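Colleague: One file is attached below, protein-v2.pdb, containing PDB, C-alpha atoms.
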```pdb
ATOM      1  CA  MET C  76      22.267  47.860 -20.459
ATOM      2  CA  THR C  77      24.936  47.651 -17.786
ATOM      3  CA  ARG C  78      26.918  44.562 -16.952
ATOM      4  CA  LYS C  79      25.131  44.133 -13.644
ATOM      5  CA  ARG C  80      21.706  44.251 -15.272
ATOM      6  CA  ARG C  81      22.772  41.752 -17.980
ATOM      7  CA  ARG C  82      23.991  39.286 -15.302
ATOM      8  CA  LEU C  83      20.701  39.666 -13.453
ATOM      9  CA  TRP C  84      18.723  38.853 -16.618
ATOM     10  CA  ILE C  85      20.931  35.835 -17.316
ATOM     11  CA  LEU C  86      20.475  34.575 -13.743
ATOM     12  CA  LEU C  87      16.706  35.061 -13.944
ATOM     13  CA  ALA C  88      16.538  33.232 -17.290
ATOM     14  CA  CYS C  89      18.616  30.332 -15.882
ATOM     15  CA  GLY C  90      16.425  30.159 -12.777
ATOM     16  CA  LEU C  91      13.271  30.143 -14.881
ATOM     17  CA  GLY C  92      14.699  27.389 -17.122
ATOM     18  CA  LEU C  93      15.782  25.275 -14.137
ATOM     19  CA  GLY C  94      12.405  25.726 -12.434
ATOM     20  CA  SER C  95      10.560  24.746 -15.608
ATOM     21  CA  ALA C  96      12.732  21.651 -16.059
ATOM     22  CA  ALA C  97      12.150  20.574 -12.442
ATOM     23  CA  THR C  98       8.378  21.077 -12.792
ATOM     24  CA  LEU C  99       8.247  19.029 -15.986
ATOM     25  CA  ALA C 100      10.319  16.229 -14.428
ATOM     26  CA  LEU C 101       8.095  16.043 -11.338
ATOM     27  CA  PHE C 102       4.960  16.074 -13.478
ATOM     28  CA  ALA C 103       6.325  13.210 -15.607
ATOM     29  CA  PHE C 104       7.124  11.134 -12.499
ATOM     30  CA  SER C 105       3.721  11.668 -10.870
ATOM     31  CA  ASP C 106       2.070   8.984 -13.018
ATOM     32  CA  SER C 107       4.732   6.388 -12.260
ATOM     33  CA  LEU C 108       4.773   6.804  -8.466
ATOM     34  CA  VAL C 109       3.291   3.859  -6.584
ATOM     35  CA  PHE C 110       1.753   4.594  -3.192
ATOM     36  CA  PHE C 111       1.269   2.212  -0.255
ATOM     37  CA  LEU C 112      -2.150   2.042   1.363
ATOM     38  CA  ALA C 113      -3.606  -0.051   4.152
ATOM     39  CA  PRO C 114      -7.221  -1.313   3.974
ATOM     40  CA  SER C 115      -8.305   1.308   6.529
ATOM     41  CA  ASP C 116      -6.793   4.026   4.290
ATOM     42  CA  LEU C 117      -8.891   2.692   1.391
ATOM     43  CA  ALA C 118     -12.022   2.785   3.524
ATOM     44  CA  ALA C 119     -11.323   6.432   4.380
ATOM     45  CA  LYS C 120     -10.479   7.600   0.858
ATOM     46  CA  ALA C 121     -10.132   5.283  -2.129
ATOM     47  CA  PRO C 122      -7.833   6.285  -4.993
ATOM     48  CA  ALA C 123      -9.165   6.834  -8.498
ATOM     49  CA  PRO C 124     -10.211   3.614 -10.289
ATOM     50  CA  GLY C 125      -7.340   2.209 -12.325
ATOM     51  CA  ARG C 126      -4.660   4.004 -10.244
ATOM     52  CA  THR C 127      -1.854   1.565  -9.396
ATOM     53  CA  PHE C 128      -0.858   1.352  -5.738
ATOM     54  CA  ARG C 129       0.408  -1.113  -3.145
ATOM     55  CA  LEU C 130      -2.029  -2.625  -0.671
ATOM     56  CA  GLY C 131      -0.539  -4.129   2.467
ATOM     57  CA  GLY C 132      -1.850  -5.999   5.465
ATOM     58  CA  LEU C 133      -2.539  -9.502   6.703
ATOM     59  CA  VAL C 134      -4.301 -12.287   4.828
ATOM     60  CA  GLU C 135      -7.456 -12.974   6.824
ATOM     61  CA  GLN C 136      -8.022 -16.448   8.246
ATOM     62  CA  GLY C 137     -10.398 -18.565   6.146
ATOM     63  CA  SER C 138     -10.547 -16.122   3.256
ATOM     64  CA  VAL C 139      -8.279 -17.817   0.688
ATOM     65  CA  GLN C 140     -10.114 -19.427  -2.252
ATOM     66  CA  ARG C 141      -8.019 -21.030  -4.992
ATOM     67  CA  SER C 142      -9.313 -21.978  -8.448
ATOM     68  CA  THR C 143      -8.266 -21.991 -12.090
ATOM     69  CA  GLU C 144      -9.356 -19.482 -14.700
ATOM     70  CA  LYS C 145      -8.622 -20.316 -18.353
ATOM     71  CA  GLY C 146      -5.994 -22.812 -17.210
ATOM     72  CA  ARG C 147      -4.221 -20.306 -14.938
ATOM     73  CA  PRO C 148      -4.205 -20.468 -11.124
ATOM     74  CA  THR C 149      -6.428 -17.843  -9.524
ATOM     75  CA  ALA C 150      -6.672 -16.823  -5.886
ATOM     76  CA  LYS C 151      -9.205 -14.705  -4.027
ATOM     77  CA  PHE C 152      -8.474 -13.603  -0.487
ATOM     78  CA  ARG C 153      -9.068 -10.741   1.933
ATOM     79  CA  VAL C 154      -6.335  -8.432   3.202
ATOM     80  CA  GLY C 155      -7.028  -6.660   6.485
ATOM     81  CA  ASP C 156      -5.305  -4.418   8.994
ATOM     82  CA  GLY C 157      -7.634  -4.865  11.945
ATOM     83  CA  ALA C 158      -9.855  -1.895  11.122
ATOM     84  CA  ALA C 159     -10.950  -2.795   7.576
ATOM     85  CA  SER C 160     -10.409  -5.441   4.917
ATOM     86  CA  VAL C 161     -10.348  -5.581   1.114
ATOM     87  CA  GLU C 162     -11.172  -8.443  -1.280
ATOM     88  CA  VAL C 163      -8.145  -9.194  -3.509
ATOM     89  CA  THR C 164      -8.082 -11.249  -6.713
ATOM     90  CA  TYR C 165      -4.825 -12.489  -8.216
ATOM     91  CA  VAL C 166      -4.180 -14.541 -11.335
ATOM     92  CA  GLY C 167      -0.861 -16.339 -11.158
ATOM     93  CA  ILE C 168       1.250 -18.452  -8.853
ATOM     94  CA  LEU C 169       1.327 -17.195  -5.276
ATOM     95  CA  PRO C 170       4.669 -17.017  -3.414
ATOM     96  CA  ASP C 171       5.679 -20.058  -1.352
ATOM     97  CA  LEU C 172       5.409 -18.084   1.907
ATOM     98  CA  PHE C 173       1.839 -16.943   1.179
ATOM     99  CA  ARG C 174      -0.644 -18.237   3.754
ATOM    100  CA  GLU C 175      -3.496 -17.090   5.958
ATOM    101  CA  GLY C 176      -2.494 -14.869   8.858
ATOM    102  CA  GLN C 177       0.722 -13.744   7.160
ATOM    103  CA  GLY C 178       1.634 -10.246   6.016
ATOM    104  CA  VAL C 179       1.497  -9.450   2.302
ATOM    105  CA  VAL C 180       2.030  -6.476   0.040
ATOM    106  CA  THR C 181       0.132  -6.552  -3.259
ATOM    107  CA  LEU C 182       0.557  -4.303  -6.271
ATOM    108  CA  GLY C 183      -2.500  -3.535  -8.385
ATOM    109  CA  ALA C 184      -5.577  -1.352  -8.772
ATOM    110  CA  MET C 185      -9.139  -1.120  -7.498
ATOM    111  CA  GLN C 186     -11.853  -2.426  -9.814
ATOM    112  CA  PRO C 187     -15.279  -0.800 -10.293
ATOM    113  CA  ASP C 188     -16.892  -3.620  -8.257
ATOM    114  CA  GLY C 189     -14.783  -2.681  -5.182
ATOM    115  CA  THR C 190     -12.272  -5.537  -5.373
ATOM    116  CA  PHE C 191      -8.531  -5.063  -5.657
ATOM    117  CA  ARG C 192      -7.013  -6.714  -8.758
ATOM    118  CA  ALA C 193      -3.400  -7.601  -7.917
ATOM    119  CA  SER C 194      -0.721  -7.971 -10.562
ATOM    120  CA  GLU C 195       1.946  -8.913  -8.005
ATOM    121  CA  VAL C 196       1.852 -10.465  -4.524
ATOM    122  CA  LEU C 197       4.784 -10.308  -2.117
ATOM    123  CA  ALA C 198       4.823 -12.374   1.081
ATOM    124  CA  LYS C 199       6.940 -11.725   4.133
ATOM    125  CA  HIS C 200      10.160 -13.663   4.497
ATOM    126  CA  ASP C 201      10.012 -15.027   8.045
ATOM    127  CA  GLU C 202       7.783 -15.214  11.092
ATOM    128  CA  THR C 203       9.240 -12.125  12.804
ATOM    129  CA  TYR C 204       9.190  -9.741   9.838
ATOM    130  CA  MET C 205       6.425  -7.191   9.394
ATOM    131  CA  PRO C 206       6.469  -4.550   6.639
ATOM    132  CA  LYS C 207       7.048  -1.074   8.073
ATOM    133  CA  ASP C 208       3.856   0.264   6.539
ATOM    134  CA  VAL C 209       1.779  -2.558   8.054
ATOM    135  CA  ALA C 210       3.350  -1.921  11.468
ATOM    136  CA  ASP C 211       2.590   1.794  11.104
ATOM    137  CA  ALA C 212      -1.037   1.042  10.178
ATOM    138  CA  LEU C 213      -1.420  -1.190  13.263
ATOM    139  CA  LYS C 214       0.050   1.496  15.511
ATOM    140  CA  LYS C 215      -2.157   4.166  13.948
ATOM    141  CA  SER C 216      -5.315   2.096  14.391
ATOM    142  CA  GLY C 217      -4.450   1.457  18.052
ATOM    143  CA  HIS C 218      -4.065  -2.319  17.721
ATOM    144  CA  TRP C 219      -0.385  -2.405  18.659
ATOM    145  CA  ASN C 220       1.897  -0.422  20.914
ATOM    146  CA  PRO C 221       5.548  -1.482  20.368
ATOM    147  CA  ALA C 222       6.426  -0.437  23.919
ATOM    148  CA  ALA C 223       3.934  -3.002  25.247
ATOM    149  CA  GLY C 224       5.538  -5.945  23.446
ATOM    150  CA  PRO C 225       5.321  -7.836  20.168
ATOM    151  CA  PRO C 226       2.312  -7.418  17.879
ATOM    152  CA  PRO C 227      -0.752  -9.557  18.609
ATOM    153  CA  PRO C 228      -1.217 -12.784  16.640
ATOM    154  CA  ALA C 229      -2.474 -12.127  13.131
ATOM    155  CA  ALA C 230      -5.461 -14.434  13.586
ATOM    156  CA  THR C 231      -6.937 -12.058  16.195
ATOM    157  CA  TRP C 232      -6.623  -8.788  14.288
ATOM    158  CA  ASN C 233     -10.112  -8.716  12.842
ATOM    159  CA  THR C 234     -11.712  -9.364  16.224
ATOM    160  CA  MET C 235      -9.727  -6.802  18.211
ATOM    161  CA  GLU C 236     -11.064  -3.505  19.496
ATOM    162  CA  PRO C 237      -8.695  -0.508  19.365
ATOM    163  CA  LYS C 238      -7.075   0.303  22.676
ATOM    164  CA  LYS C 239      -8.538   3.366  24.298
ATOM    165  CA  THR C 240      -6.117   5.960  25.582
ATOM    166  CA  GLY C 241      -6.689   8.810  27.974
ATOM    167  CA  GLY C 242      -9.651   9.308  30.225
TER     168      GLY C 242
END
```
Here is the file; what I need is its structure written in the form of structure tokens.

Modeller:
Amino acid sequence: MTRKRRRLWILLACGLGLGSAATLALFAFSDSLVFFLAPSDLAAKAPAPGRTFRLGGLVEQGSVQRSTEKGRPTAKFRVGDGAASVEVTYVGILPDLFREGQGVVTLGAMQPDGTFRASEVLAKHDETYMPKDVADALKKSGHWNPAAGPPPPAATWNTMEPKKTGG
């Protein structure tokens, strides 16, 4: 075997080893990735039951129900993006900024009964902040055009019709 051929075999073996290592690393990370979905994305295609993901949107007006379950605070509320909404249950203390009409991002999984069981709830930090993914979902659904001004009030999102474009 010539020197050139030996180098080629070494390079091929290194490339195969590096490719295998990258494939194994990506496969290992695939189970720990957490995706963000809006309620309208869930209505279109729900992830597998038990798959952890982030659900973001606005807490619907009049949907928050607080109670206690085995001595722990429990909350049930609906998260919507104007096109669809999802029932969320959370056991624990909600953030101070949590309220109806405000944006939230929840981490959890869908249950067999169609509700979203949250293990973590994050509320927005001031009245002008909107998570990027929520803003993108509103733009995609046609409820908000940033060029036309600020987003509509959260209380009106579930009663709005998408804006029609074109002729």

Colleague: May I ask which of the residues C:Leu112, C:Ala96, C:Ala158, C:Ala88 is the closest one to Gly217 in chain C, counting only C-alpha atoms?

Modeller: C:Ala158

Colleague: If you count only C-alpha atoms, which residues fall within 12 Å of Ala121 in chain C, apart from same-chain ones fewer than 2 positions away, as a list in words?

Modeller: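 My list of contacting residues is Phe110, Phe111, Leu112, Ala113, Pro114, Ser115, Asp116, Leu117, Ala118, Ala119, Ala123, Pro124, Gly125, Arg126, Thr127, Phe128, Leu130, Val161, Ala184, Met185, Gln186, Pro187, Gly189, Thr190 and Phe191 of chain C.
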
Colleague: Grab the CA of Asn220 in chain C to CA of Leu133 in chain C distance for me, in Å with one decimal place.

Modeller: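 Straight-line distance from CA of Asn220 in chain C to CA of Leu133 in chain C works out to 17.4 Å.
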
Colleague: Evaluate the PyMOL selection byres ((chain C and resi 136) around 7) against this structure - the residues, as a ChimeraX atom specification, please.

Modeller: /C:134-135,137-138,175-176,230

Colleague: Point out the residue among C:Pro122, C:Gly157, C:Gly131, C:Gly94 with the least atom-to-atom distance to Lys215 in chain C, counting only C-alpha atoms.

Modeller: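 Smallest distance to Lys215 in chain C is found for C:Gly157.
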
Colleague: Of the candidates C:Gly146, C:Pro221, C:Gly132, C:Gly90, which shows the shortest atom-to-atom distance to Ala159 in chain C, using all atoms listed in the file?

Modeller: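 Going through C:Gly146, C:Pro221, C:Gly132, C:Gly90 one by one, the smallest distance to Ala159 in chain C is for C:Gly132.
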
Colleague: Give the answer as one residue: which of C:Leu182, C:Leu169, C:Leu83, C:Leu213 has the shortest atom-to-atom distance to Ala198 in chain C, using all atoms listed in the file?

Modeller: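 Among the listed residues, the smallest separation from Ala198 in chain C belongs to C:Leu169.
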
Colleague: Taking N, CA and C atoms as the atom set, what does range 114-141 of chain C look like once completed, written as a short mmCIF file (atom, residue, chain, number, x, y, z; two decimals), in the coordinates of the input?

Modeller:
```
data_model
loop_
_atom_site.label_atom_id
_atom_site.label_comp_id
_atom_site.auth_asym_id
_atom_site.auth_seq_id
_atom_site.Cartn_x
_atom_site.Cartn_y
_atom_site.Cartn_z
N PRO C 114 -5.77 -1.23 4.19
CA PRO C 114 -7.22 -1.31 3.97
C PRO C 114 -8.01 -0.20 4.67
N SER C 115 -7.59 0.22 5.85
CA SER C 115 -8.30 1.31 6.53
C SER C 115 -8.13 2.63 5.78
N ASP C 116 -6.98 2.83 5.12
CA ASP C 116 -6.79 4.03 4.29
C ASP C 116 -7.75 4.01 3.10
N LEU C 117 -7.96 2.82 2.51
CA LEU C 117 -8.89 2.69 1.39
C LEU C 117 -10.32 2.98 1.83
N ALA C 118 -10.67 2.54 3.03
CA ALA C 118 -12.02 2.78 3.52
C ALA C 118 -12.25 4.28 3.73
N ALA C 119 -11.20 5.00 4.15
CA ALA C 119 -11.32 6.43 4.38
C ALA C 119 -11.39 7.21 3.07
N LYS C 120 -10.50 6.88 2.14
CA LYS C 120 -10.48 7.60 0.86
C LYS C 120 -9.83 6.71 -0.18
N ALA C 121 -10.63 6.18 -1.08
CA ALA C 121 -10.13 5.28 -2.13
C ALA C 121 -9.51 6.10 -3.25
N PRO C 122 -8.42 5.59 -3.85
CA PRO C 122 -7.83 6.28 -4.99
C PRO C 122 -8.72 6.14 -6.23
N ALA C 123 -8.39 6.88 -7.25
CA ALA C 123 -9.16 6.83 -8.50
C ALA C 123 -9.12 5.42 -9.08
N PRO C 124 -10.22 4.95 -9.68
CA PRO C 124 -10.21 3.61 -10.29
C PRO C 124 -9.12 3.53 -11.36
N GLY C 125 -8.41 2.41 -11.36
CA GLY C 125 -7.34 2.21 -12.32
C GLY C 125 -5.99 2.72 -11.86
N ARG C 126 -5.93 3.48 -10.78
CA ARG C 126 -4.66 4.00 -10.24
C ARG C 126 -3.91 2.87 -9.57
N THR C 127 -2.67 2.65 -9.97
CA THR C 127 -1.85 1.56 -9.40
C THR C 127 -1.31 1.99 -8.04
N PHE C 128 -1.42 1.10 -7.05
CA PHE C 128 -0.86 1.35 -5.74
C PHE C 128 -0.59 0.02 -5.06
N ARG C 129 0.12 0.08 -3.94
CA ARG C 129 0.41 -1.11 -3.14
C ARG C 129 -0.58 -1.18 -1.99
N LEU C 130 -1.12 -2.36 -1.78
CA LEU C 130 -2.03 -2.62 -0.67
C LEU C 130 -1.33 -3.61 0.26
N GLY C 131 -1.23 -3.26 1.52
CA GLY C 131 -0.54 -4.13 2.47
C GLY C 131 -1.38 -4.42 3.69
N GLY C 132 -1.15 -5.58 4.26
CA GLY C 132 -1.85 -6.00 5.46
C GLY C 132 -1.67 -7.49 5.68
N LEU C 133 -2.59 -8.07 6.40
CA LEU C 133 -2.54 -9.50 6.70
C LEU C 133 -3.64 -10.24 5.96
N VAL C 134 -3.31 -11.43 5.48
CA VAL C 134 -4.30 -12.29 4.83
C VAL C 134 -5.22 -12.82 5.93
N GLU C 135 -6.50 -12.56 5.80
CA GLU C 135 -7.46 -12.97 6.82
C GLU C 135 -7.62 -14.49 6.86
N GLN C 136 -7.81 -15.01 8.05
CA GLN C 136 -8.02 -16.45 8.25
C GLN C 136 -9.30 -16.89 7.54
N GLY C 137 -9.24 -17.99 6.80
CA GLY C 137 -10.40 -18.57 6.15
C GLY C 137 -10.87 -17.83 4.90
N SER C 138 -10.09 -16.91 4.40
CA SER C 138 -10.55 -16.12 3.26
C SER C 138 -9.95 -16.57 1.92
N VAL C 139 -8.96 -17.44 1.93
CA VAL C 139 -8.28 -17.82 0.69
C VAL C 139 -9.11 -18.84 -0.08
N GLN C 140 -9.40 -18.52 -1.35
CA GLN C 140 -10.11 -19.43 -2.25
C GLN C 140 -9.28 -19.57 -3.51
N ARG C 141 -8.85 -20.79 -3.80
CA ARG C 141 -8.02 -21.03 -4.99
C ARG C 141 -8.85 -21.73 -6.05
#
```
